[in-house]
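Novice: Sharing run_34.txt, compact mmCIF, C-alpha atoms (C1' of nucleotides):
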# COMPACT_ATOMS: atom_id res chain seq x y z
CA MET T 1 0.00 0.00 0.00
CA ILE T 2 1.05 3.55 -0.69
CA ILE T 3 0.84 6.04 2.16
CA ARG T 4 0.98 9.78 1.60
CA LEU T 5 1.59 12.29 4.39
CA GLY T 6 0.11 15.76 4.59
CA TYR T 7 0.05 18.73 6.91
CA VAL T 8 -2.31 21.49 7.98
CA ALA T 9 -2.61 25.07 6.74
CA ILE T 10 0.78 26.59 7.57
CA SER T 11 4.24 25.82 6.28
CA MET T 12 6.98 26.51 8.81
CA ALA T 13 9.49 26.86 5.99
CA LEU T 14 7.65 29.84 4.52
CA ASN T 15 7.44 32.83 6.78
CA ASN T 16 3.78 33.69 6.14
CA THR T 17 0.20 32.58 6.79
CA THR T 18 -3.02 31.86 4.93
CA SER T 19 -4.98 32.75 8.07
CA SER T 20 -4.66 36.51 8.36
CA THR T 21 -7.87 37.88 9.77
CA MET T 22 -9.56 40.89 11.26
CA LYS T 23 -11.21 40.99 14.65
CA TYR T 24 -14.89 41.81 14.60
CA THR T 25 -14.54 44.67 17.09
CA ASN T 26 -11.96 46.22 14.82
CA PHE T 27 -14.16 45.76 11.77
CA ILE T 28 -17.04 47.51 13.58
CA LYS T 29 -14.82 50.45 14.41
CA ASN T 30 -14.01 51.23 10.80
CA SER T 31 -16.55 49.18 8.83
CA ASN T 32 -13.56 48.63 6.63
CA TYR T 33 -14.55 46.30 3.81
CA ASP T 34 -11.51 47.29 1.75
CA LYS T 35 -9.27 45.98 4.49
CA LEU T 36 -11.14 42.66 4.45
CA LEU T 37 -10.59 42.35 0.71
CA GLU T 38 -6.93 43.17 1.17
CA ILE T 39 -6.63 40.37 3.73
CA ILE T 40 -8.30 37.90 1.39
CA LYS T 41 -5.94 38.87 -1.41
CA ASN T 42 -3.00 38.28 0.89
CA ASN T 43 -4.36 34.93 2.12
CA LEU T 44 -4.92 33.73 -1.45
CA ASP T 45 -1.45 34.88 -2.54
CA VAL T 46 0.06 32.96 0.36
CA LEU T 47 -2.10 29.92 -0.37
CA GLU T 48 -0.74 29.90 -3.91
CA GLU T 49 2.78 30.10 -2.52
CA VAL T 50 2.14 27.26 -0.05
CA LEU T 51 0.69 25.02 -2.75
CA LYS T 52 3.69 25.65 -5.00
CA TYR T 53 5.94 24.85 -2.04
CA ASN T 54 4.02 21.60 -1.54
CA ILE T 55 4.44 20.67 -5.18
CA LYS T 56 8.15 21.42 -5.08
CA ASN T 57 8.53 19.27 -1.97
CA ASN T 58 6.33 16.42 -3.22
CA ILE T 59 3.63 16.88 -0.63
CA HIS T 60 0.39 15.74 -2.20
CA PHE T 61 -1.98 16.07 0.72
CA TYR T 62 -2.86 19.34 2.42
CA ARG T 63 -5.60 20.84 4.59
CA LEU T 64 -6.84 24.35 3.92
CA THR T 65 -7.20 26.76 6.79
CA SER T 66 -10.80 27.50 7.78
CA LYS T 67 -9.80 31.12 8.19
CA LEU T 68 -9.06 31.86 4.54
CA ILE T 69 -11.87 34.42 4.39
CA PRO T 70 -12.06 36.72 7.45
CA LEU T 71 -15.46 36.96 9.14
CA ALA T 72 -17.00 34.90 6.33
CA THR T 73 -19.69 33.38 8.54
CA HIS T 74 -20.22 36.19 11.00
CA LYS T 75 -23.89 37.02 11.23
CA ASP T 76 -23.35 40.78 11.11
CA VAL T 77 -20.83 40.87 8.30
CA ASP T 78 -22.08 40.46 4.77
CA TYR T 79 -19.80 40.98 1.82
CA ASP T 80 -18.89 39.49 -1.51
CA TYR T 81 -15.68 37.53 -1.13
CA ILE T 82 -16.24 35.64 -4.34
CA THR T 83 -16.58 37.91 -7.38
CA PRO T 84 -13.52 40.11 -6.83
CA PHE T 85 -11.29 37.03 -6.69
CA LEU T 86 -12.86 34.66 -9.22
CA ASP T 87 -9.74 34.66 -11.39
CA LYS T 88 -7.52 33.96 -8.41
CA TYR T 89 -9.69 31.08 -7.14
CA ASN T 90 -9.64 29.64 -10.63
CA PHE T 91 -5.91 30.00 -10.94
CA ILE T 92 -5.28 28.26 -7.62
CA GLY T 93 -7.84 25.59 -8.50
CA ASN T 94 -5.93 24.83 -11.67
CA ILE T 95 -2.69 24.45 -9.70
CA ILE T 96 -4.42 21.96 -7.40
CA ASN T 97 -5.95 19.93 -10.18
CA GLU T 98 -3.01 19.96 -12.58
CA ASN T 99 -0.78 18.62 -9.82
CA PHE T 100 -3.30 16.14 -8.39
CA LEU T 101 -3.07 17.63 -4.91
CA ARG T 102 -5.53 16.19 -2.43
CA VAL T 103 -6.95 19.09 -0.47
CA ASP T 104 -9.53 18.95 2.29
CA ILE T 105 -10.91 21.21 4.99
CA HIS T 106 -11.97 20.87 8.63
CA PRO T 107 -14.25 23.45 10.34
CA ASP T 108 -13.22 24.23 13.90
CA GLN T 109 -14.99 23.62 17.18
CA PHE T 110 -17.92 25.95 16.51
CA ALA T 111 -19.50 23.66 13.95
CA VAL T 112 -21.83 21.52 16.07
CA LEU T 113 -24.46 19.90 13.90
CA ASN T 114 -26.09 18.02 16.79
CA SER T 115 -26.37 21.00 19.13
CA VAL T 116 -29.55 21.34 21.21
CA ASN T 117 -29.52 25.06 20.38
CA LYS T 118 -31.29 25.84 17.11
CA GLU T 119 -29.19 28.96 16.55
CA VAL T 120 -26.01 26.91 16.81
CA VAL T 121 -27.32 24.39 14.29
CA LYS T 122 -28.27 27.21 11.94
CA ASN T 123 -24.80 28.69 12.36
CA THR T 124 -23.25 25.30 11.73
CA ILE T 125 -25.09 24.96 8.42
CA ASN T 126 -23.74 28.38 7.43
CA ILE T 127 -20.25 27.31 8.39
CA LEU T 128 -20.62 24.14 6.32
CA LYS T 129 -21.88 26.13 3.35
CA TYR T 130 -18.90 28.47 3.63
CA HIS T 131 -16.47 25.55 3.66
CA TYR T 132 -18.23 24.03 0.67
CA THR T 133 -18.00 27.37 -1.15
CA ILE T 134 -14.25 27.49 -0.64
CA LEU T 135 -13.78 23.94 -1.93
CA ASN T 136 -16.04 24.73 -4.87
CA LEU T 137 -14.28 27.99 -5.78
CA LEU T 138 -10.97 26.12 -5.75
CA LYS T 139 -12.53 23.55 -8.09
CA ILE T 140 -11.77 20.64 -5.79
CA LYS T 141 -13.35 17.54 -7.23
CA ASP T 142 -13.45 15.24 -4.20
CA LYS T 143 -14.83 17.71 -1.71
CA ILE T 144 -14.30 16.51 1.85
CA ILE T 145 -15.41 18.49 4.88
CA ILE T 146 -14.38 16.78 8.09
CA LEU T 147 -16.73 17.16 11.01
CA HIS T 148 -16.93 15.97 14.60
CA VAL T 149 -20.19 14.48 15.80
CA GLY T 150 -20.55 17.28 18.38
CA GLY T 151 -22.01 17.66 21.86
CA ASN T 152 -23.31 15.09 24.29
CA ASN T 153 -26.46 16.70 25.70
CA PHE T 154 -29.03 14.20 27.03
CA GLY T 155 -26.66 11.31 26.48
CA LYS T 156 -24.84 9.68 23.64
CA GLU T 157 -27.77 7.87 22.09
CA LYS T 158 -29.94 10.97 21.85
CA SER T 159 -26.96 13.03 20.67
CA ILE T 160 -26.26 10.60 17.85
CA THR T 161 -29.92 10.68 16.87
CA ARG T 162 -29.83 14.49 16.74
CA PHE T 163 -26.76 14.30 14.52
CA ILE T 164 -28.47 11.88 12.16
CA ASN T 165 -31.69 13.91 12.01
CA ASN T 166 -29.93 17.21 11.42
CA PHE T 167 -27.66 15.63 8.84
CA ASN T 168 -30.69 14.34 6.96
CA ASN T 169 -32.07 17.87 6.78
CA LEU T 170 -28.96 19.24 5.09
CA PRO T 171 -29.00 20.03 1.39
CA GLU T 172 -27.84 17.13 -0.75
CA TYR T 173 -24.64 18.87 -1.89
CA LEU T 174 -23.44 19.20 1.72
CA LYS T 175 -24.35 15.63 2.63
CA ASN T 176 -22.16 14.47 -0.22
CA CYS T 177 -18.98 15.94 1.21
CA ILE T 178 -19.18 15.45 4.95
CA ALA T 179 -16.95 12.91 6.65
CA ILE T 180 -17.04 12.33 10.42
CA GLU T 181 -14.07 12.02 12.74
CA ASN T 182 -13.90 10.21 16.08
CA ASP T 183 -13.17 12.60 18.95
CA ASP T 184 -11.06 12.33 22.09
CA LYS T 185 -13.83 12.50 24.68
CA ILE T 186 -17.23 11.30 23.57
CA PHE T 187 -17.84 9.77 20.17
CA ASN T 188 -15.37 6.96 19.54
CA ILE T 189 -14.71 5.02 16.39
CA ILE T 190 -17.52 2.53 17.11
CA ASP T 191 -20.02 5.40 17.41
CA CYS T 192 -18.74 6.79 14.11
CA LEU T 193 -19.16 3.40 12.43
CA TYR T 194 -22.76 3.28 13.65
CA ILE T 195 -23.46 6.79 12.28
CA SER T 196 -21.62 6.05 9.06
CA LYS T 197 -23.74 2.98 8.49
CA LYS T 198 -26.95 4.99 8.98
CA LEU T 199 -25.88 7.90 6.77
CA ASN T 200 -23.53 6.25 4.33
CA ILE T 201 -20.70 8.73 4.94
CA PRO T 202 -16.93 8.24 5.30
CA ILE T 203 -15.03 8.14 8.58
CA VAL T 204 -11.71 9.81 9.29
CA LEU T 205 -9.88 7.81 11.94
CA ASP T 206 -7.93 10.05 14.30
CA TYR T 207 -5.44 7.74 15.97
CA HIS T 208 -4.59 10.11 18.82
CA HIS T 209 -8.29 10.52 19.62
CA TYR T 210 -8.65 6.78 19.40
CA LEU T 211 -5.92 6.39 22.03
CA CYS T 212 -7.74 8.92 24.26
CA ASN T 213 -11.21 7.50 23.77
CA ASN T 214 -11.98 3.86 22.95
CA ASP T 215 -13.88 1.07 24.58
CA GLY T 216 -10.98 -1.33 24.34
CA GLU T 217 -11.77 -1.90 20.68
CA LEU T 218 -8.62 -2.92 18.83
CA ILE T 219 -7.64 -0.78 15.88
CA GLU T 220 -6.87 -3.85 13.77
CA ASN T 221 -10.46 -4.99 14.27
CA VAL T 222 -12.09 -1.80 13.01
CA ILE T 223 -9.73 -0.51 10.34
CA VAL T 224 -11.25 -2.56 7.51
CA ASP T 225 -14.74 -1.28 8.28
CA VAL T 226 -13.46 2.29 8.63
CA PHE T 227 -11.64 2.21 5.31
CA SER T 228 -14.57 0.62 3.51
CA THR T 229 -16.68 3.70 4.34
CA TRP T 230 -14.57 5.55 1.75
CA LYS T 231 -15.71 3.27 -1.09
CA ASN T 232 -13.51 4.18 -4.09
CA LYS T 233 -12.03 7.32 -2.52
CA THR T 234 -8.71 7.50 -0.68
CA PRO T 235 -9.22 7.03 3.08
CA LYS T 236 -7.77 9.63 5.43
CA ILE T 237 -6.22 9.20 8.84
CA HIS T 238 -5.28 11.91 11.32
CA PHE T 239 -2.13 11.42 13.33
CA SER T 240 -0.74 13.45 16.20
CA SER T 241 1.20 12.77 19.36
CA PRO T 242 0.40 13.79 22.93
CA LYS T 243 2.18 16.78 24.38
CA SER T 244 3.19 14.55 27.26
CA LYS T 245 2.38 11.07 28.53
CA LEU T 246 0.92 12.61 31.68
CA LYS T 247 -2.83 12.22 31.79
CA CYS T 248 -3.44 15.96 32.09
CA GLU T 249 -1.53 16.74 28.91
CA PHE T 250 -2.19 13.60 26.93
CA ARG T 251 -4.90 15.12 24.80
CA SER T 252 -2.86 18.18 23.77
CA HIS T 253 -0.86 18.02 20.59
CA HIS T 254 2.92 17.80 20.59
CA ASP T 255 5.05 19.87 18.21
CA TYR T 256 6.30 16.69 16.57
CA ILE T 257 5.29 13.08 15.94
CA ASP T 258 6.39 10.16 18.10
CA VAL T 259 7.94 8.00 15.42
CA ASP T 260 7.77 4.78 17.44
CA VAL T 261 4.03 5.11 18.01
CA PHE T 262 3.67 5.88 14.32
CA ILE T 263 5.57 2.74 13.32
CA ASP T 264 3.62 0.71 15.84
CA PHE T 265 0.34 1.95 14.41
CA LEU T 266 1.33 0.99 10.87
CA LYS T 267 2.45 -2.41 12.10
CA LYS T 268 -1.05 -3.02 13.45
CA ILE T 269 -2.76 -2.26 10.17
CA ARG T 270 -0.12 -3.68 7.85
CA PHE T 271 -2.46 -6.41 6.61
CA ILE T 272 -4.59 -3.75 4.88
CA ASP T 273 -4.32 -3.54 1.13
CA THR T 274 -5.51 0.02 0.55
CA ASN T 275 -3.66 3.22 -0.24
CA PHE T 276 -4.41 5.99 2.22
CA ASP T 277 -3.43 9.48 3.36
CA ILE T 278 -2.19 10.44 6.81
CA MET T 279 -2.68 14.01 7.97
CA ILE T 280 0.11 15.01 10.34
CA GLU T 281 -1.50 17.24 12.96
CA ALA T 282 1.54 18.61 14.76
CA LYS T 283 2.29 22.13 15.80
CA ALA T 284 5.52 22.09 13.79
CA LYS T 285 3.46 21.43 10.65
CA ASP T 286 5.57 20.52 7.58
CA ASP T 287 8.69 20.54 9.74
CA ALA T 288 7.14 17.72 11.80
CA LEU T 289 6.30 15.86 8.61
CA PHE T 290 9.85 16.07 7.30
CA ARG T 291 11.35 15.09 10.64
CA LEU T 292 9.05 12.07 10.77
CA VAL T 293 10.15 11.06 7.27
CA ARG T 294 13.82 11.36 8.22
CA GLN T 295 13.23 9.18 11.27
CA LEU T 296 11.27 6.61 9.29
CA LYS T 297 14.05 6.37 6.73
CA TYR T 298 16.50 5.72 9.57
CA LYS T 299 14.37 3.32 11.60
CA THR T 300 12.43 1.32 9.01
CA ASN T 301 12.80 -0.28 5.63
CA TYR T 302 9.77 1.47 4.15
CA ILE T 303 10.35 2.22 0.48
CA PHE T 304 10.08 5.96 -0.07
CA ILE T 305 8.60 7.12 -3.35
CA ASP T 306 9.33 10.78 -2.67
CA ASP T 307 9.65 13.29 0.20
CA SER T 308 6.25 12.46 1.70
CA SER T 309 5.13 9.08 0.31
CA PHE T 310 6.19 5.51 0.96
CA ILE T 311 5.22 1.96 0.31
CA LEU T 312 4.49 -0.38 3.15
C1' DG J 1 9.80 46.46 18.45
C1' DG J 2 8.27 43.24 21.60
C1' DT J 3 4.85 41.28 24.93
C1' DC J 4 0.60 39.59 26.31
C1' DG J 5 -4.35 39.62 26.89
C1' DT J 6 -8.14 38.89 23.72
C1' DC J 7 -10.89 37.06 20.04
C1' DA J 8 -17.67 35.86 17.04
C1' DA J 9 -18.48 31.54 17.59
C1' DG J 10 -19.37 25.54 21.65
C1' DG J 11 -19.13 22.50 24.90
C1' DG J 12 -17.06 19.40 28.62
C1' DG J 13 -15.81 18.94 33.39
C1' DT J 14 -15.56 20.29 38.22
C1' DG J 15 -17.16 21.70 42.61
C1' DC G 1 -24.72 27.67 38.50
C1' DA G 2 -20.11 29.69 38.21
C1' DC G 3 -15.93 29.04 36.61
C1' DC G 4 -12.13 27.11 34.15
C1' DC G 5 -10.51 24.14 30.64
C1' DC G 6 -9.70 22.88 25.68
C1' DT G 7 -7.70 24.90 20.95
C1' DT G 8 -5.87 28.32 17.48
C1' DG G 9 -3.07 31.45 15.51
C1' DA G 10 -3.18 36.05 14.93
C1' DC G 11 -4.62 40.65 16.25
C1' DG G 12 -3.85 44.82 18.34
C1' DA G 13 -3.52 47.51 22.55
C1' DC G 14 -0.08 48.83 25.23
C1' DC G 15 4.40 49.65 26.94
Kindly transcribe the structure held in the file into structure tokens.
Specialist:
Amino acid sequence: MIIRLGYVAISMALNNTTSSTMKYTNFIKNSNYDKLLEIIKNNLDVLEEVLKYNIKNNIHFYRLTSKLIPLATHKDVDYDYITPFLDKYNFIGNIINENFLRVDIHPDQFAVLNSVNKEVVKNTINILKYHYTILNLLKIKDKIIILHVGGNNFGKEKSITRFINNFNNLPEYLKNCIAIENDDKIFNIIDCLYISKKLNIPIVLDYHHYLCNNDGELIENVIVDVFSTWKNKTPKIHFSSPKSKLKCEFRSHHDYIDVDVFIDFLKKIRFIDTNFDIMIEAKAKDDALFRLVRQLKYKTNYIFIDDSSFIL
DNA sequence: GGTCGTCAAGGGGTG
DNA sequence: CACCCCTTGACGACC
């Protein structure tokens, strides 16, 4: 199987960011729409630079920042972030497609589809639409929006039912790109498999979350079912390492990846015969990815295809 | 020019 | 119920 590694949003090697923003209070002060457009232009320029950097360094898998467009889903800010930049979106989209980059996106903690608060659910749908819009403007063919199941009000069973009901009320185009991820506290991989079966949607396995939250279920016993939720698409896995082994800091992300845990994980699922992507979720971003690769080259006999891909 | 509290937004956990 | 925690990088007020 071929495994490709990716990283999230920011490249440490480039001294810039795709996540420049403007605080709402500051926006209110000046009602400065020009400044917002300027920030978008900058974010898109940097995104182009990051993608070219990824191509140059043979990184095929990348997650967009959710903060590409400042205040995009704020209820009191309404502006056109599409038309002025159509050419730019197109241009970047072509770079992605011509180089077969796999690009996905992951809304942050405020997207809670199963919330008991109607306003929050409404907000969440807006957030999902915004993320879809970004993927669409960048002409991404396999649109994947990764979502957590959400809150736990009134118990797990009821919370899962709320997720399923609210999901079913989404427009078809959103349903077609949502994948769910197991979280580190409540909804484990077994819960995700149950939901996936009901809704026919893919599951992103987060191995760190799995280590934090599982019912003793062995990874080698669920991996086939998890991967089969992707049908003919390339399955995705999230990988990060705990900040420390202490219980209080276990859930926090480390700057880098623990190579031994990484190797151990791959050993467990080695019998799989599917290509897949692993998103490296480490604070040191691409630097963590490259360090991991160096360590793997030293410690294993994996056959490396390029700077971020290997055969197992 | 550097430091540090704050940020639109949700929700879990504790006492 | 009040409070603090997570997480996130970046803003921007302030020195």
Novice: Quote the spacing between CA of Ile219 in chain T and CA of Arg294 in chain T in Å to one decimal place.
Specialist: 25.8 Å
Novice: Could you tell me which residues of chain T sit within 10 Å of chain G when counting all atoms listed in the file, and give me the result as a list in words?
Specialist: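 Every residue of chain T that passes the 10 Å test is in Thr17, Ser19, Ser20, Thr21, Met22, Lys23, Asn26, Lys67, Asp108, Gln109, Arg251, Ser252 and His253 of chain T.
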Novice: Looking at T:Arg162, T:Arg63, T:Lys197, T:His74, which one is nearest to chain J, with distances taken over only C-alpha atoms (C1' of nucleotides)?
Specialist: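 Among T:Arg162, T:Arg63, T:Lys197, T:His74, it is T:His74 that comes nearest to chain J.
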Novice: Would you give me, as JSON lines, each residue of chain T having an atom within 10 Å of an atom of chain J, along with its shortest atom pair and that distance in Å to one decimal, using all atoms listed in the file and sorting by chain and residue number?
Specialist:
{"residue": "T:Met22", "atom": "CA", "partner": "J:DC7", "partner_atom": "C1'", "distance": 9.7}
{"residue": "T:Lys23", "atom": "CA", "partner": "J:DC7", "partner_atom": "C1'", "distance": 6.7}
{"residue": "T:Tyr24", "atom": "CA", "partner": "J:DA8", "partner_atom": "C1'", "distance": 7.0}
{"residue": "T:Thr25", "atom": "CA", "partner": "J:DC7", "partner_atom": "C1'", "distance": 8.9}
{"residue": "T:Leu71", "atom": "CA", "partner": "J:DA8", "partner_atom": "C1'", "distance": 8.3}
{"residue": "T:Thr73", "atom": "CA", "partner": "J:DA8", "partner_atom": "C1'", "distance": 9.1}
{"residue": "T:His74", "atom": "CA", "partner": "J:DA8", "partner_atom": "C1'", "distance": 6.6}
{"residue": "T:Lys75", "atom": "CA", "partner": "J:DA8", "partner_atom": "C1'", "distance": 8.6}
{"residue": "T:Asp76", "atom": "CA", "partner": "J:DA8", "partner_atom": "C1'", "distance": 9.6}
{"residue": "T:Asp108", "atom": "CA", "partner": "J:DA9", "partner_atom": "C1'", "distance": 9.7}
{"residue": "T:Gln109", "atom": "CA", "partner": "J:DG10", "partner_atom": "C1'", "distance": 6.5}
{"residue": "T:Phe110", "atom": "CA", "partner": "J:DG10", "partner_atom": "C1'", "distance": 5.4}
{"residue": "T:Ala111", "atom": "CA", "partner": "J:DG10", "partner_atom": "C1'", "distance": 7.9}
{"residue": "T:Val112", "atom": "CA", "partner": "J:DG10", "partner_atom": "C1'", "distance": 7.3}
{"residue": "T:Ser115", "atom": "CA", "partner": "J:DG10", "partner_atom": "C1'", "distance": 8.7}
{"residue": "T:Val120", "atom": "CA", "partner": "J:DG10", "partner_atom": "C1'", "distance": 8.3}
{"residue": "T:Asn123", "atom": "CA", "partner": "J:DA9", "partner_atom": "C1'", "distance": 8.7}
{"residue": "T:Thr124", "atom": "CA", "partner": "J:DA9", "partner_atom": "C1'", "distance": 9.8}
{"residue": "T:Gly150", "atom": "CA", "partner": "J:DG11", "partner_atom": "C1'", "distance": 8.5}
{"residue": "T:Gly151", "atom": "CA", "partner": "J:DG11", "partner_atom": "C1'", "distance": 6.4}
{"residue": "T:Asn152", "atom": "CA", "partner": "J:DG11", "partner_atom": "C1'", "distance": 8.5}
{"residue": "T:Asn153", "atom": "CA", "partner": "J:DG11", "partner_atom": "C1'", "distance": 9.4}
{"residue": "T:Lys185", "atom": "CA", "partner": "J:DG12", "partner_atom": "C1'", "distance": 8.6}
{"residue": "T:Ile186", "atom": "CA", "partner": "J:DG12", "partner_atom": "C1'", "distance": 9.5}
Novice: What separation in Å, quoted to one decimal, exists between CA of Asn275 in chain T and CA of Met1 in chain T?
Specialist: 4.9 Å
Novice: Would you compute an axis-aligned box for chain G, covering every atom listed for it in the file with 8 Å of margin on each side, and report centre and edge lengths in Å to one decimal as JSON?
Specialist:
{"center_x": -10.2, "center_y": 36.3, "center_z": 26.7, "size_x": 45.1, "size_y": 42.8, "size_z": 39.6}
Novice: Using Å and a single decimal, report how far CA of Ile272 in chain T sits from CA of His209 in chain T.
Specialist: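 Value for the CA of His209 in chain T-CA of Ile272 in chain T distance: 20.8 Å.
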